[in-house]
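Source file: data-v1.pdb. Holds: PDB, C-alpha atoms.
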ATOM      1  CA  MET B  99      11.669 120.881 -79.839
ATOM      2  CA  ILE B 100      10.227 117.772 -78.200
ATOM      3  CA  ARG B 101      12.517 118.139 -75.216
ATOM      4  CA  LYS B 102      11.239 121.697 -74.799
ATOM      5  CA  ILE B 103       7.669 120.365 -74.776
ATOM      6  CA  TRP B 104       8.577 118.094 -71.881
ATOM      7  CA  GLN B 105      10.327 120.911 -70.034
ATOM      8  CA  ASP B 106       7.349 123.219 -70.479
ATOM      9  CA  MET B 107       4.961 120.489 -69.352
ATOM     10  CA  PHE B 108       6.832 119.907 -66.093
ATOM     11  CA  SER B 109       7.322 123.656 -65.520
ATOM     12  CA  MET B 110       3.655 124.450 -66.031
ATOM     13  CA  ALA B 111       2.531 121.708 -63.657
ATOM     14  CA  ALA B 112       4.925 122.997 -60.991
ATOM     15  CA  THR B 113       3.749 126.576 -61.499
ATOM     16  CA  GLU B 114       0.151 125.427 -61.048
ATOM     17  CA  GLY B 115       1.057 123.904 -57.688
ATOM     18  CA  ALA B 116       0.635 120.338 -58.953
ATOM     19  CA  PRO B 117       4.204 119.248 -59.789
ATOM     20  CA  ILE B 118       4.558 115.990 -61.670
ATOM     21  CA  THR B 119       7.698 115.189 -59.694
ATOM     22  CA  LEU B 120      10.282 116.737 -57.401
ATOM     23  CA  GLU B 121      12.326 119.445 -59.096
ATOM     24  CA  GLU B 122      15.536 117.501 -58.481
ATOM     25  CA  ASN B 123      14.228 114.655 -60.662
ATOM     26  CA  VAL B 124      12.917 116.626 -63.634
ATOM     27  CA  GLU B 125      15.931 116.621 -65.963
ATOM     28  CA  GLN B 126      16.676 112.940 -65.337
ATOM     29  CA  ILE B 127      13.081 112.033 -66.079
ATOM     30  CA  ILE B 128      13.046 114.108 -69.266
ATOM     31  CA  ASP B 129      16.293 112.426 -70.359
ATOM     32  CA  MET B 130      14.548 109.103 -69.847
ATOM     33  CA  LEU B 131      11.351 110.067 -71.679
ATOM     34  CA  VAL B 132      13.253 111.457 -74.655
ATOM     35  CA  ALA B 133      15.591 108.444 -74.818
ATOM     36  CA  ASP B 134      12.585 106.115 -74.886
ATOM     37  CA  LYS B 135      10.759 108.359 -77.376
ATOM     38  CA  ILE B 136       7.712 108.630 -75.122
ATOM     39  CA  ASP B 137       4.819 110.381 -76.852
ATOM     40  CA  PRO B 138       3.874 113.548 -74.903
ATOM     41  CA  GLN B 139       0.251 113.300 -76.092
ATOM     42  CA  ALA B 140      -0.159 109.720 -74.898
ATOM     43  CA  PHE B 141       1.663 110.474 -71.665
ATOM     44  CA  ILE B 142      -0.490 113.433 -70.666
ATOM     45  CA  SER B 143      -3.672 111.540 -71.573
ATOM     46  CA  ASN B 144      -2.569 108.626 -69.396
ATOM     47  CA  TYR B 145      -1.346 110.848 -66.579
ATOM     48  CA  GLU B 146      -4.531 112.912 -66.412
ATOM     49  CA  TYR B 147      -6.592 109.724 -66.490
ATOM     50  CA  LEU B 148      -4.665 108.392 -63.498
ATOM     51  CA  VAL B 149      -4.933 111.700 -61.635
ATOM     52  CA  ARG B 150      -8.728 111.459 -62.001
ATOM     53  CA  ASP B 151      -8.542 107.724 -61.208
ATOM     54  CA  GLY B 152     -10.465 106.926 -64.364
ATOM     55  CA  MET B 153     -13.226 109.466 -63.816
ATOM     56  CA  PRO B 154     -14.149 111.482 -66.918
ATOM     57  CA  SER B 155     -13.224 115.140 -67.011
ATOM     58  CA  LEU B 156     -15.973 117.760 -66.971
ATOM     59  CA  ARG B 157     -15.364 118.305 -70.658
ATOM     60  CA  GLU B 158     -15.813 114.594 -71.388
ATOM     61  CA  MET B 159     -19.062 114.554 -69.410
ATOM     62  CA  PHE B 160     -20.694 117.591 -70.969
ATOM     63  CA  VAL B 161     -19.142 117.899 -74.419
ATOM     64  CA  LYS B 162     -19.759 115.251 -77.040
ATOM     65  CA  LYS B 163     -16.343 115.721 -78.602
ATOM     66  CA  ASN B 164     -14.008 112.906 -77.567
ATOM     67  CA  THR B 165     -11.256 114.325 -75.363
ATOM     68  CA  SER B 166      -9.791 111.030 -74.218
ATOM     69  CA  GLY B 167      -6.823 111.924 -76.375
ATOM     70  CA  HIS B 168      -4.218 109.266 -76.880
ATOM     71  CA  ARG B 169      -4.738 107.114 -73.783
ATOM     72  CA  THR B 170      -3.134 103.723 -74.155
ATOM     73  CA  LEU B 171      -4.851 100.415 -73.514
ATOM     74  CA  SER B 172      -3.107  99.119 -70.414
ATOM     75  CA  ILE B 173      -3.512 102.356 -68.451
ATOM     76  CA  GLU B 174      -6.902 101.148 -67.209
ATOM     77  CA  LYS B 175      -5.153  98.420 -65.206
ATOM     78  CA  HIS B 176      -3.525 101.001 -62.977
ATOM     79  CA  PHE B 177      -6.225 102.709 -60.978
ATOM     80  CA  ARG B 178      -5.360 103.811 -57.463
ATOM     81  CA  HIS B 179      -6.108 100.489 -55.742
ATOM     82  CA  ASN B 180      -3.823  98.643 -58.184
ATOM     83  CA  ARG B 181      -0.808 100.926 -57.909
ATOM     84  CA  ALA B 182       2.311 100.424 -55.806
ATOM     85  CA  ARG B 183       3.124 103.486 -53.700
ATOM     86  CA  ALA B 184       6.845 103.400 -54.422
ATOM     87  CA  PHE B 185       6.214 104.070 -58.112
ATOM     88  CA  PRO B 186       5.507 107.700 -59.056
ATOM     89  CA  LEU B 187       2.410 108.485 -61.070
ATOM     90  CA  TRP B 188       4.441 109.839 -63.987
ATOM     91  CA  PHE B 189       6.071 106.417 -64.376
ATOM     92  CA  TYR B 190       2.695 104.688 -64.589
ATOM     93  CA  GLY B 191       1.628 107.271 -67.175
ATOM     94  CA  ALA B 192       4.725 106.832 -69.336
ATOM     95  CA  TYR B 193       5.328 103.108 -68.830
ATOM     96  CA  PRO B 194       1.990 101.385 -68.094
ATOM     97  CA  ASP B 195       3.056  98.269 -69.994
ATOM     98  CA  VAL B 196       6.250  98.001 -67.949
ATOM     99  CA  MET B 197       4.202  98.213 -64.762
ATOM    100  CA  SER B 198       1.717  95.599 -66.002
ATOM    101  CA  TRP B 199       4.628  93.288 -66.726
ATOM    102  CA  PHE B 200       6.270  94.042 -63.366
ATOM    103  CA  HIS B 201       3.130  93.298 -61.341
ATOM    104  CA  GLN B 202       2.688  89.984 -63.158
ATOM    105  CA  TRP B 203       6.391  89.206 -62.777
ATOM    106  CA  GLN B 204       6.102  89.699 -59.008
ATOM    107  CA  LYS B 205       3.228  87.222 -58.817
ATOM    108  CA  ASP B 206       5.125  84.675 -60.885
ATOM    109  CA  ILE B 207       8.413  85.029 -59.000
ATOM    110  CA  SER B 208       6.584  84.747 -55.693
ATOM    111  CA  LYS B 209       5.185  81.372 -56.750
ATOM    112  CA  THR B 210       8.554  80.229 -58.073
ATOM    113  CA  HIS B 211      10.219  80.984 -54.741
ATOM    114  CA  ASP B 212       7.377  79.528 -52.659
ATOM    115  CA  ARG B 213       6.552  83.017 -51.414
ATOM    116  CA  ASN B 214       9.919  83.326 -49.660
ATOM    117  CA  LEU B 215       9.983  87.094 -49.132
ATOM    118  CA  ASP B 216      13.763  87.349 -48.834
ATOM    119  CA  SER B 217      14.328  85.514 -52.109
ATOM    120  CA  VAL B 218      11.661  87.544 -53.868
ATOM    121  CA  ALA B 219      13.192  90.781 -52.558
ATOM    122  CA  ILE B 220      16.630  89.822 -53.890
ATOM    123  CA  GLU B 221      15.274  88.962 -57.343
ATOM    124  CA  THR B 222      13.145  92.107 -57.439
ATOM    125  CA  ALA B 223      16.093  94.293 -56.499
ATOM    126  CA  LYS B 224      18.052  92.877 -59.425
ATOM    127  CA  LEU B 225      15.487  94.325 -61.826
ATOM    128  CA  PHE B 226      16.305  97.757 -60.435
ATOM    129  CA  GLY B 227      20.048  97.207 -60.629
ATOM    130  CA  VAL B 228      20.370  96.960 -56.854
ATOM    131  CA  ASN B 229      22.409  94.390 -54.954
ATOM    132  CA  ILE B 230      20.280  94.020 -51.855
ATOM    133  CA  GLU B 231      23.004  92.062 -50.084
ATOM    134  CA  ASP B 232      25.368  95.026 -50.278
ATOM    135  CA  GLU B 233      25.382  96.439 -46.749
ATOM    136  CA  THR B 234      26.629  99.827 -47.950
ATOM    137  CA  ILE B 235      23.381 100.516 -49.808
ATOM    138  CA  ASP B 236      21.503 103.495 -48.427
ATOM    139  CA  GLU B 237      17.743 103.153 -48.780
ATOM    140  CA  ASN B 238      17.457 106.944 -49.085
ATOM    141  CA  GLY B 239      19.641 106.729 -52.165
ATOM    142  CA  ILE B 240      17.109 104.485 -53.881
ATOM    143  CA  SER B 241      14.026 106.526 -53.017
ATOM    144  CA  ASP B 242      13.475 110.283 -53.021
ATOM    145  CA  SER B 243      11.971 112.351 -50.212
ATOM    146  CA  LYS B 244       8.446 111.369 -51.314
ATOM    147  CA  GLY B 245       9.258 107.682 -51.028
ATOM    148  CA  ASN B 246       9.260 107.129 -54.800
ATOM    149  CA  TYR B 247      11.968 105.240 -56.643
ATOM    150  CA  ARG B 248      14.531 107.577 -58.152
ATOM    151  CA  PRO B 249      14.641 107.868 -61.968
ATOM    152  CA  GLU B 250      17.918 105.969 -62.370
ATOM    153  CA  TYR B 251      16.434 102.854 -60.745
ATOM    154  CA  LEU B 252      13.239 103.133 -62.757
ATOM    155  CA  ARG B 253      15.436 103.337 -65.843
ATOM    156  CA  ASN B 254      17.007 100.018 -64.800
ATOM    157  CA  LEU B 255      13.544  98.494 -64.465
ATOM    158  CA  VAL B 256      12.654  99.589 -68.002
ATOM    159  CA  ASN B 257      15.892  98.036 -69.247
ATOM    160  CA  SER B 258      15.015  94.794 -67.444
ATOM    161  CA  TRP B 259      11.590  94.834 -69.100
ATOM    162  CA  ARG B 260      13.188  95.456 -72.476
ATOM    163  CA  LYS B 261      15.556  92.486 -72.113
ATOM    164  CA  GLU B 262      12.722  90.209 -71.046
ATOM    165  CA  VAL B 263       9.873  91.331 -73.291
ATOM    166  CA  LYS B 264      11.730  92.634 -76.359
ATOM    167  CA  ALA B 265       8.829  94.810 -77.476
ATOM    168  CA  LYS B 266       8.077  98.426 -78.323
ATOM    169  CA  LEU B 267       7.013 100.551 -75.396
ATOM    170  CA  GLU B 268       3.284 101.171 -75.497
ATOM    171  CA  VAL B 269       3.543 104.937 -75.031
ATOM    172  CA  SER B 270       6.513 105.480 -77.326
ATOM    173  CA  SER B 271       6.236 107.163 -80.703
ATOM    174  CA  PRO B 272       9.515 106.739 -82.603
ATOM    175  CA  ASN B 273       7.984 108.341 -85.697
ATOM    176  CA  LEU B 274       7.344 111.573 -83.810
ATOM    177  CA  TYR B 275      10.984 111.853 -82.781
ATOM    178  CA  GLU B 276      12.352 110.588 -86.089
ATOM    179  CA  GLU B 277      10.274 113.120 -88.017
ATOM    180  CA  ALA B 278      11.634 115.955 -85.892
ATOM    181  CA  GLU B 279      15.211 114.708 -86.327
ATOM    182  CA  LEU B 280      14.752 114.104 -90.060
ATOM    183  CA  ASN B 281      13.426 117.613 -90.602
ATOM    184  CA  LYS B 282      16.451 118.958 -88.765
ATOM    185  CA  GLN B 283      18.897 116.843 -90.798
ATOM    186  CA  ILE B 284      17.311 117.761 -94.134
ATOM    187  CA  LYS B 285      17.548 121.449 -93.319
ATOM    188  CA  GLU B 286      21.183 121.037 -92.323
ATOM    189  CA  GLN B 287      22.023 119.100 -95.510
ATOM    190  CA  LEU B 288      20.334 121.697 -97.697
ATOM    191  CA  GLY B 289      21.926 124.528 -95.798
ATOM    192  CA  ILE B 290      18.543 125.817 -94.689
ATOM    193  CA  THR B 291      18.720 127.826 -91.513
ATOM    194  CA  GLU B 292      16.063 129.886 -89.817
ATOM    195  CA  ASP B 293      16.920 132.992 -87.885
ATOM    196  CA  ASN B 294      15.259 133.824 -84.591
ATOM    197  CA  PHE B 295      12.601 135.875 -86.373
ATOM    198  CA  ALA B 296      11.494 132.858 -88.412
ATOM    199  CA  ILE B 297      11.718 130.461 -85.458
ATOM    200  CA  ILE B 298       9.389 132.548 -83.294
ATOM    201  CA  ALA B 299       7.080 133.061 -86.267
ATOM    202  CA  ARG B 300       6.965 129.340 -87.016
ATOM    203  CA  CYS B 301       6.300 128.313 -83.425
ATOM    204  CA  THR B 302       3.586 130.913 -82.899
ATOM    205  CA  ALA B 303       1.944 130.044 -86.217
ATOM    206  CA  GLU B 304       2.011 126.324 -85.378
ATOM    207  CA  TYR B 305       0.251 127.006 -82.088
ATOM    208  CA  TYR B 306      -2.188 129.442 -83.695
ATOM    209  CA  PHE B 307      -3.401 127.137 -86.468
ATOM    210  CA  GLU B 308      -3.667 124.120 -84.171
ATOM    211  CA  LEU B 309      -5.815 126.159 -81.772
ATOM    212  CA  LYS B 310      -7.871 127.633 -84.602
ATOM    213  CA  ASN B 311      -8.457 124.338 -86.387
ATOM    214  CA  ASN B 312      -9.238 122.144 -83.390
ATOM    215  CA  TYR B 313     -10.146 124.320 -80.405
ATOM    216  CA  GLN B 314     -11.829 127.413 -81.840
ATOM    217  CA  ASP B 315     -15.095 126.568 -80.077
ATOM    218  CA  ARG B 316     -13.359 127.186 -76.755
ATOM    219  CA  PHE B 317     -12.490 130.797 -77.561
ATOM    220  CA  ASN B 318     -14.811 133.773 -77.360
ATOM    221  CA  ASN B 319     -12.923 135.700 -80.017
ATOM    222  CA  GLU B 320      -9.809 135.953 -82.161
ATOM    223  CA  THR B 321      -8.092 138.098 -79.543
ATOM    224  CA  ASP B 322      -8.131 135.333 -76.935
ATOM    225  CA  LEU B 323      -6.991 132.783 -79.501
ATOM    226  CA  LEU B 324      -4.017 134.920 -80.527
ATOM    227  CA  ALA B 325      -3.080 135.582 -76.916
ATOM    228  CA  THR B 326      -3.114 131.847 -76.212
ATOM    229  CA  ALA B 327      -0.848 131.122 -79.183
ATOM    230  CA  GLY B 328       1.520 133.793 -77.904
ATOM    231  CA  PHE B 329       1.402 132.398 -74.386
ATOM    232  CA  LEU B 330       2.300 128.915 -75.614
ATOM    233  CA  ASP B 331       5.261 130.246 -77.572
ATOM    234  CA  ALA B 332       6.450 132.415 -74.674
ATOM    235  CA  LYS B 333       5.897 129.868 -71.881
ATOM    236  CA  HIS B 334       9.576 129.804 -70.985
ATOM    237  CA  TYR B 335       9.625 133.571 -70.438
ATOM    238  CA  ILE B 336       6.414 133.419 -68.377
ATOM    239  CA  LEU B 337       6.773 130.229 -66.352
ATOM    240  CA  VAL B 338      10.515 129.754 -65.989
ATOM    241  CA  GLU B 339      12.230 133.124 -66.349
ATOM    242  CA  LYS B 340       9.166 135.056 -65.145
ATOM    243  CA  SER B 341      10.454 137.935 -67.248
ATOM    244  CA  ILE B 342       7.075 138.767 -68.786
ATOM    245  CA  ASP B 343       3.458 138.476 -67.688
ATOM    246  CA  VAL B 344       0.538 136.963 -69.574
ATOM    247  CA  SER B 345      -1.157 140.359 -69.547
ATOM    248  CA  GLU B 346       1.594 141.766 -71.778
ATOM    249  CA  ILE B 347       0.776 139.211 -74.458
ATOM    250  CA  GLN B 348      -2.946 139.793 -74.041
ATOM    251  CA  LYS B 349      -2.372 143.516 -74.515
ATOM    252  CA  ILE B 350      -0.621 142.882 -77.839
ATOM    253  CA  ALA B 351      -3.584 140.831 -79.070
ATOM    254  CA  GLU B 352      -6.111 143.419 -77.893
ATOM    255  CA  GLU B 353      -4.422 146.245 -79.794
ATOM    256  CA  LEU B 354      -4.453 144.511 -83.184
ATOM    257  CA  SER B 355      -6.635 145.295 -86.162
ATOM    258  CA  SER B 356      -9.840 143.339 -86.649
ATOM    259  CA  ASP B 357      -8.661 141.984 -90.010
ATOM    260  CA  GLU B 358      -8.157 138.271 -89.301
ATOM    261  CA  LYS B 359      -5.698 137.770 -92.166
ATOM    262  CA  GLU B 360      -3.469 140.559 -90.936
ATOM    263  CA  SER B 361      -3.922 139.906 -87.221
ATOM    264  CA  ILE B 362      -1.673 136.844 -86.949
ATOM    265  CA  LEU B 363       1.103 138.610 -88.888
ATOM    266  CA  GLU B 364       0.837 141.785 -86.814
ATOM    267  CA  PHE B 365       0.636 139.764 -83.619
ATOM    268  CA  ILE B 366       3.808 137.794 -84.353
ATOM    269  CA  ILE B 367       5.755 140.952 -85.179
ATOM    270  CA  GLN B 368       4.701 142.620 -81.931
ATOM    271  CA  LEU B 369       5.389 139.425 -79.970
ATOM    272  CA  GLU B 370       8.888 139.277 -81.435
ATOM    273  CA  ILE B 371       9.496 142.891 -80.444
ATOM    274  CA  LEU B 372       8.496 141.995 -76.877
ATOM    275  CA  LEU B 373      10.635 138.846 -76.680
ATOM    276  CA  PHE B 374      13.700 140.334 -78.351
ATOM    277  CA  GLY B 375      13.410 143.246 -75.942
ATOM    278  CA  ILE B 376      13.730 140.771 -73.070
ATOM    279  CA  ASP B 377      16.644 138.946 -74.698
ATOM    280  CA  SER B 378      18.490 142.159 -75.624
ATOM    281  CA  PRO B 379      17.793 144.663 -72.836
ATOM    282  CA  ASP B 380      20.677 146.918 -73.874
ATOM    283  CA  MET B 381      19.406 147.300 -77.427
ATOM    284  CA  ASP B 382      17.360 150.367 -78.299
ATOM    285  CA  LYS B 383      13.668 149.517 -78.660
ATOM    286  CA  SER B 384      13.355 151.375 -81.962
ATOM    287  CA  ASP B 385      16.175 149.263 -83.410
ATOM    288  CA  ILE B 386      14.375 146.090 -82.323
ATOM    289  CA  GLU B 387      11.131 147.328 -83.869
ATOM    290  CA  ASN B 388      12.851 148.190 -87.151
ATOM    291  CA  ALA B 389      14.569 144.799 -87.247
ATOM    292  CA  CYS B 390      11.287 142.939 -86.718
ATOM    293  CA  LEU B 391       9.383 145.049 -89.239
ATOM    294  CA  SER B 392      12.111 144.456 -91.821
ATOM    295  CA  LYS B 393      11.327 140.728 -91.593
ATOM    296  CA  LYS B 394       7.619 141.172 -92.298
ATOM    297  CA  GLN B 395       7.669 139.402 -95.670
ATOM    298  CA  ASP B 396       9.727 136.500 -94.333
ATOM    299  CA  ILE B 397       7.354 136.094 -91.396
ATOM    300  CA  GLN B 398       4.368 136.111 -93.751
ATOM    301  CA  LYS B 399       5.958 133.318 -95.806
ATOM    302  CA  VAL B 400       6.461 131.235 -92.672
ATOM    303  CA  ILE B 401       2.812 131.726 -91.680
ATOM    304  CA  GLU B 402       1.621 130.653 -95.132
ATOM    305  CA  GLU B 403       3.909 127.616 -95.090
ATOM    306  CA  VAL B 404       2.626 126.444 -91.703
ATOM    307  CA  GLN B 405      -0.976 126.980 -92.789
ATOM    308  CA  LYS B 406      -0.365 124.951 -95.939
ATOM    309  CA  THR B 407       1.580 122.027 -94.436
ATOM    310  CA  GLY B 408      -0.468 121.594 -91.262
ATOM    311  CA  THR B 409       0.594 121.492 -87.633
ATOM    312  CA  ASN B 410       3.621 119.457 -86.626
ATOM    313  CA  ASP B 411       2.813 116.605 -84.216
ATOM    314  CA  ALA B 412       5.053 118.065 -81.528
ATOM    315  CA  PHE B 413       2.939 121.235 -81.412
ATOM    316  CA  VAL B 414      -0.265 119.185 -81.487
ATOM    317  CA  ALA B 415       0.949 117.429 -78.344
ATOM    318  CA  ASP B 416       1.875 120.674 -76.628
ATOM    319  CA  VAL B 417      -1.495 122.271 -77.375
ATOM    320  CA  GLN B 418      -3.439 119.200 -76.272
ATOM    321  CA  GLU B 419      -1.562 119.081 -72.986
ATOM    322  CA  PHE B 420      -2.268 122.742 -72.273
ATOM    323  CA  MET B 421      -5.905 122.745 -73.360
ATOM    324  CA  ASN B 422      -6.967 119.582 -71.543
ATOM    325  CA  SER B 423      -4.706 119.100 -68.528
ATOM    326  CA  SER B 424      -5.416 120.232 -64.996
ATOM    327  CA  GLY B 425      -1.940 121.760 -64.984
ATOM    328  CA  GLY B 426      -2.996 124.423 -67.471
ATOM    329  CA  SER B 427      -6.270 125.398 -65.787
ATOM    330  CA  LYS B 428      -4.957 128.573 -64.132
ATOM    331  CA  TYR B 429      -3.670 130.048 -67.366
ATOM    332  CA  ARG B 430      -6.659 128.860 -69.391
ATOM    333  CA  GLU B 431      -8.839 130.869 -67.026
ATOM    334  CA  ILE B 432      -6.597 133.931 -67.339
ATOM    335  CA  LEU B 433      -6.710 133.653 -71.131
ATOM    336  CA  GLY B 434     -10.501 133.344 -71.169
ATOM    337  CA  ILE B 435     -10.578 129.807 -72.547
ATOM    338  CA  LYS B 436     -13.834 127.914 -72.079
ATOM    339  CA  SER B 437     -13.868 124.579 -70.243
TER     340      SER B 437
END
Could you show the structure in this file as structure tokens?
Amino acid sequence: MIRKIWQDMFSMAATEGAPITLEENVEQIIDMLVADKIDPQAFISNYEYLVRDGMPSLREMFVKKNTSGHRTLSIEKHFRHNRARAFPLWFYGAYPDVMSWFHQWQKDISKTHDRNLDSVAIETAKLFGVNIEDETIDENGISDSKGNYRPEYLRNLVNSWRKEVKAKLEVSSPNLYEEAELNKQIKEQLGITEDNFAIIARCTAEYYFELKNNYQDRFNNETDLLATAGFLDAKHYILVEKSIDVSEIQKIAEELSSDEKESILEFIIQLEILLFGIDSPDMDKSDIENACLSKKQDIQKVIEEVQKTGTNDAFVADVQEFMNSSGGSKYREILGIKS
């Protein structure tokens, strides 16, 4: 689930024309973020803060509600004039403490070596796992086409930091990942499995109640809120596969009854019919409809369970990223979400 949040985050940013990184680096970076248990909420708060170079967003300026999210303390050390060009912005957002340490380390090592640039370069390269004296090294292999260090070398830098500092990464949230893994293990041990009907229902309900409980003031009506929950659940189909359009989800929400209690249930059933139709193009539509309708009681139970237990942190992070990031602005406008 958390990996999917990262994938959706990078996909949405690329779709908006503001990619976080080069496409060739995405999977390596996600591997790194997941391995280090980086908190998506803290990351996007840091990243957006750096994109704005510390300037408040319009929402922060005009709305009293605090939207600073989960920014971490050391991120304020890394405004534009303090950043090294070879380090991508995503790395500063995910590892601000590593960068603070690295900048200080460079100052210290420079003094130790009497500012001998060759000696400093050799010691610095070691942090990245590079033998600078190896004549076969290709500089293009260390940096990508944008001149940023490639993920594998940044991973080596994090490992060097870890050996030296022996501390928890500032932006990591082991509990978030452990909770997701524990829930998975408990279900496996108890033999609890959810079919695709329940999975879609759970995800959509998680998004719906998080939006309703914490962002309702940014929606004009229940229809727009439902459509947004559906969009978040179907992001992969919309942004990656491009097999459906946002308007199809909006149409489902617009055609529902006005009864709020029934609307989320009806919406999920119709959303499932749409998505299963994409996944099973050879299956007769009436058979898909009958299958989804036969699960109505099960879907209702899932909705009630999510409403009772509260939103999982992973979905909280996903919603926050979409509702507050510049990367989601295009689709927020399409969905009629207020700034």
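For the atom pair formed by atom CA of Glu262 of chain B and atom CA of Gly239 of chain B, the distance is 26.0 Å, given to one decimal.
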Worksheet entry | Interatomic distance (Å, one decimal) between atom CA of Phe200 of chain B and atom CA of Asn214 of chain B | 17.8 Å
Worksheet entry | Who sits within 8 Å of Cys301 of chain B, only C-alpha atoms, same chain under 4 positions skipped, as a ChimeraX atom specification | /B:297,305,331
Discussion item. I'd like the residues picked by the PyMOL selection byres ((chain B and resi 395) around 12) written out as a PyMOL selection string, using the chain letters and numbers from the file.
Written reply: chain B and resi 295-296+299+363-364+367+390-394+396-402
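Proximity of B:Asp322, B:Glu308, B:Asp106, B:Glu121 to Val338 of chain B, computed with all atoms listed in the file, is greatest for B:Asp106.
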Worksheet item: What's the 12 Å shell around Trp203 of chain B, counting all atoms listed in the file, without same-chain residues fewer than 4 positions away, as a PyMOL selection string?
Response: chain B and resi 196-199+207-210+218+221-222+225+255+258-259+262-263
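Put simply, the PyMOL selection byres ((chain B and resi 306) around 8) on this file hits B:Thr302, B:Ala303, B:Glu304, B:Tyr305, B:Phe307, B:Glu308, B:Leu309, B:Lys310, B:Leu323, B:Leu324, B:Thr326, B:Ala327.
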Practice prompt. Apply the PyMOL selection byres ((chain B and resi 226) around 7) to the displayed file and report the matching residues as a PyMOL selection string.
Written response: chain B and resi 223-225+227-228+251-252+254-255
May I have the residues within 8 Å of Leu267 of chain B as a compact mmCIF listing (two decimals) with C-alpha atoms, in the coordinates of the input, using all atoms listed in the file and disregarding those fewer than 6 positions away in the same chain?
# COMPACT_ATOMS: atom_id res chain seq x y z
CA ASP B 134 12.58 106.12 -74.89
CA TYR B 193 5.33 103.11 -68.83
CA ASP B 195 3.06 98.27 -69.99
CA VAL B 196 6.25 98.00 -67.95
Item to complete: Pick out the closest residue to Tyr145 of chain B from this set: B:Arg316, B:Phe108, B:Ser423, B:Gly408. Count only C-alpha atoms.
Response: B:Ser423
Practice prompt. Give as a PyMOL selection string every residue, naming chains and numbers as the document does, that has an atom within 10 Å of (14.1, 112.4, -68.5), counting only C-alpha atoms.
Written response: chain B and resi 101+104-105+123-134+136+249-250+253
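Among the candidates B:Thr407, B:Ser270, B:Gln348, B:Thr170, the one nearest to Phe365 of chain B when counting all atoms listed in the file is B:Gln348.
Computed from the coordinates, the atom CA of Phe413 of chain B to atom CA of Lys340 of chain B distance equals 22.2 Å.
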Please write out, as JSON, where the centre of an axis-aligned box around all listed atoms of segment 295-301 of chain B lies and how long its edges are, in Å to one decimal, after adding 4 Å on each side.
{"center_x": 9.5, "center_y": 132.1, "center_z": -85.9, "size_x": 14.3, "size_y": 15.6, "size_z": 13.1}
Response to the item:
For Ala412 of chain B, the closest of B:Gly426, B:Pro138, B:Pro379, B:Pro117 counting all atoms listed in the file is B:Pro138
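Nearest to Tyr190 of chain B of all the residues B:Tyr313, B:Phe141, B:Tyr275, B:Phe374 is B:Phe141, counting all atoms listed in the file.
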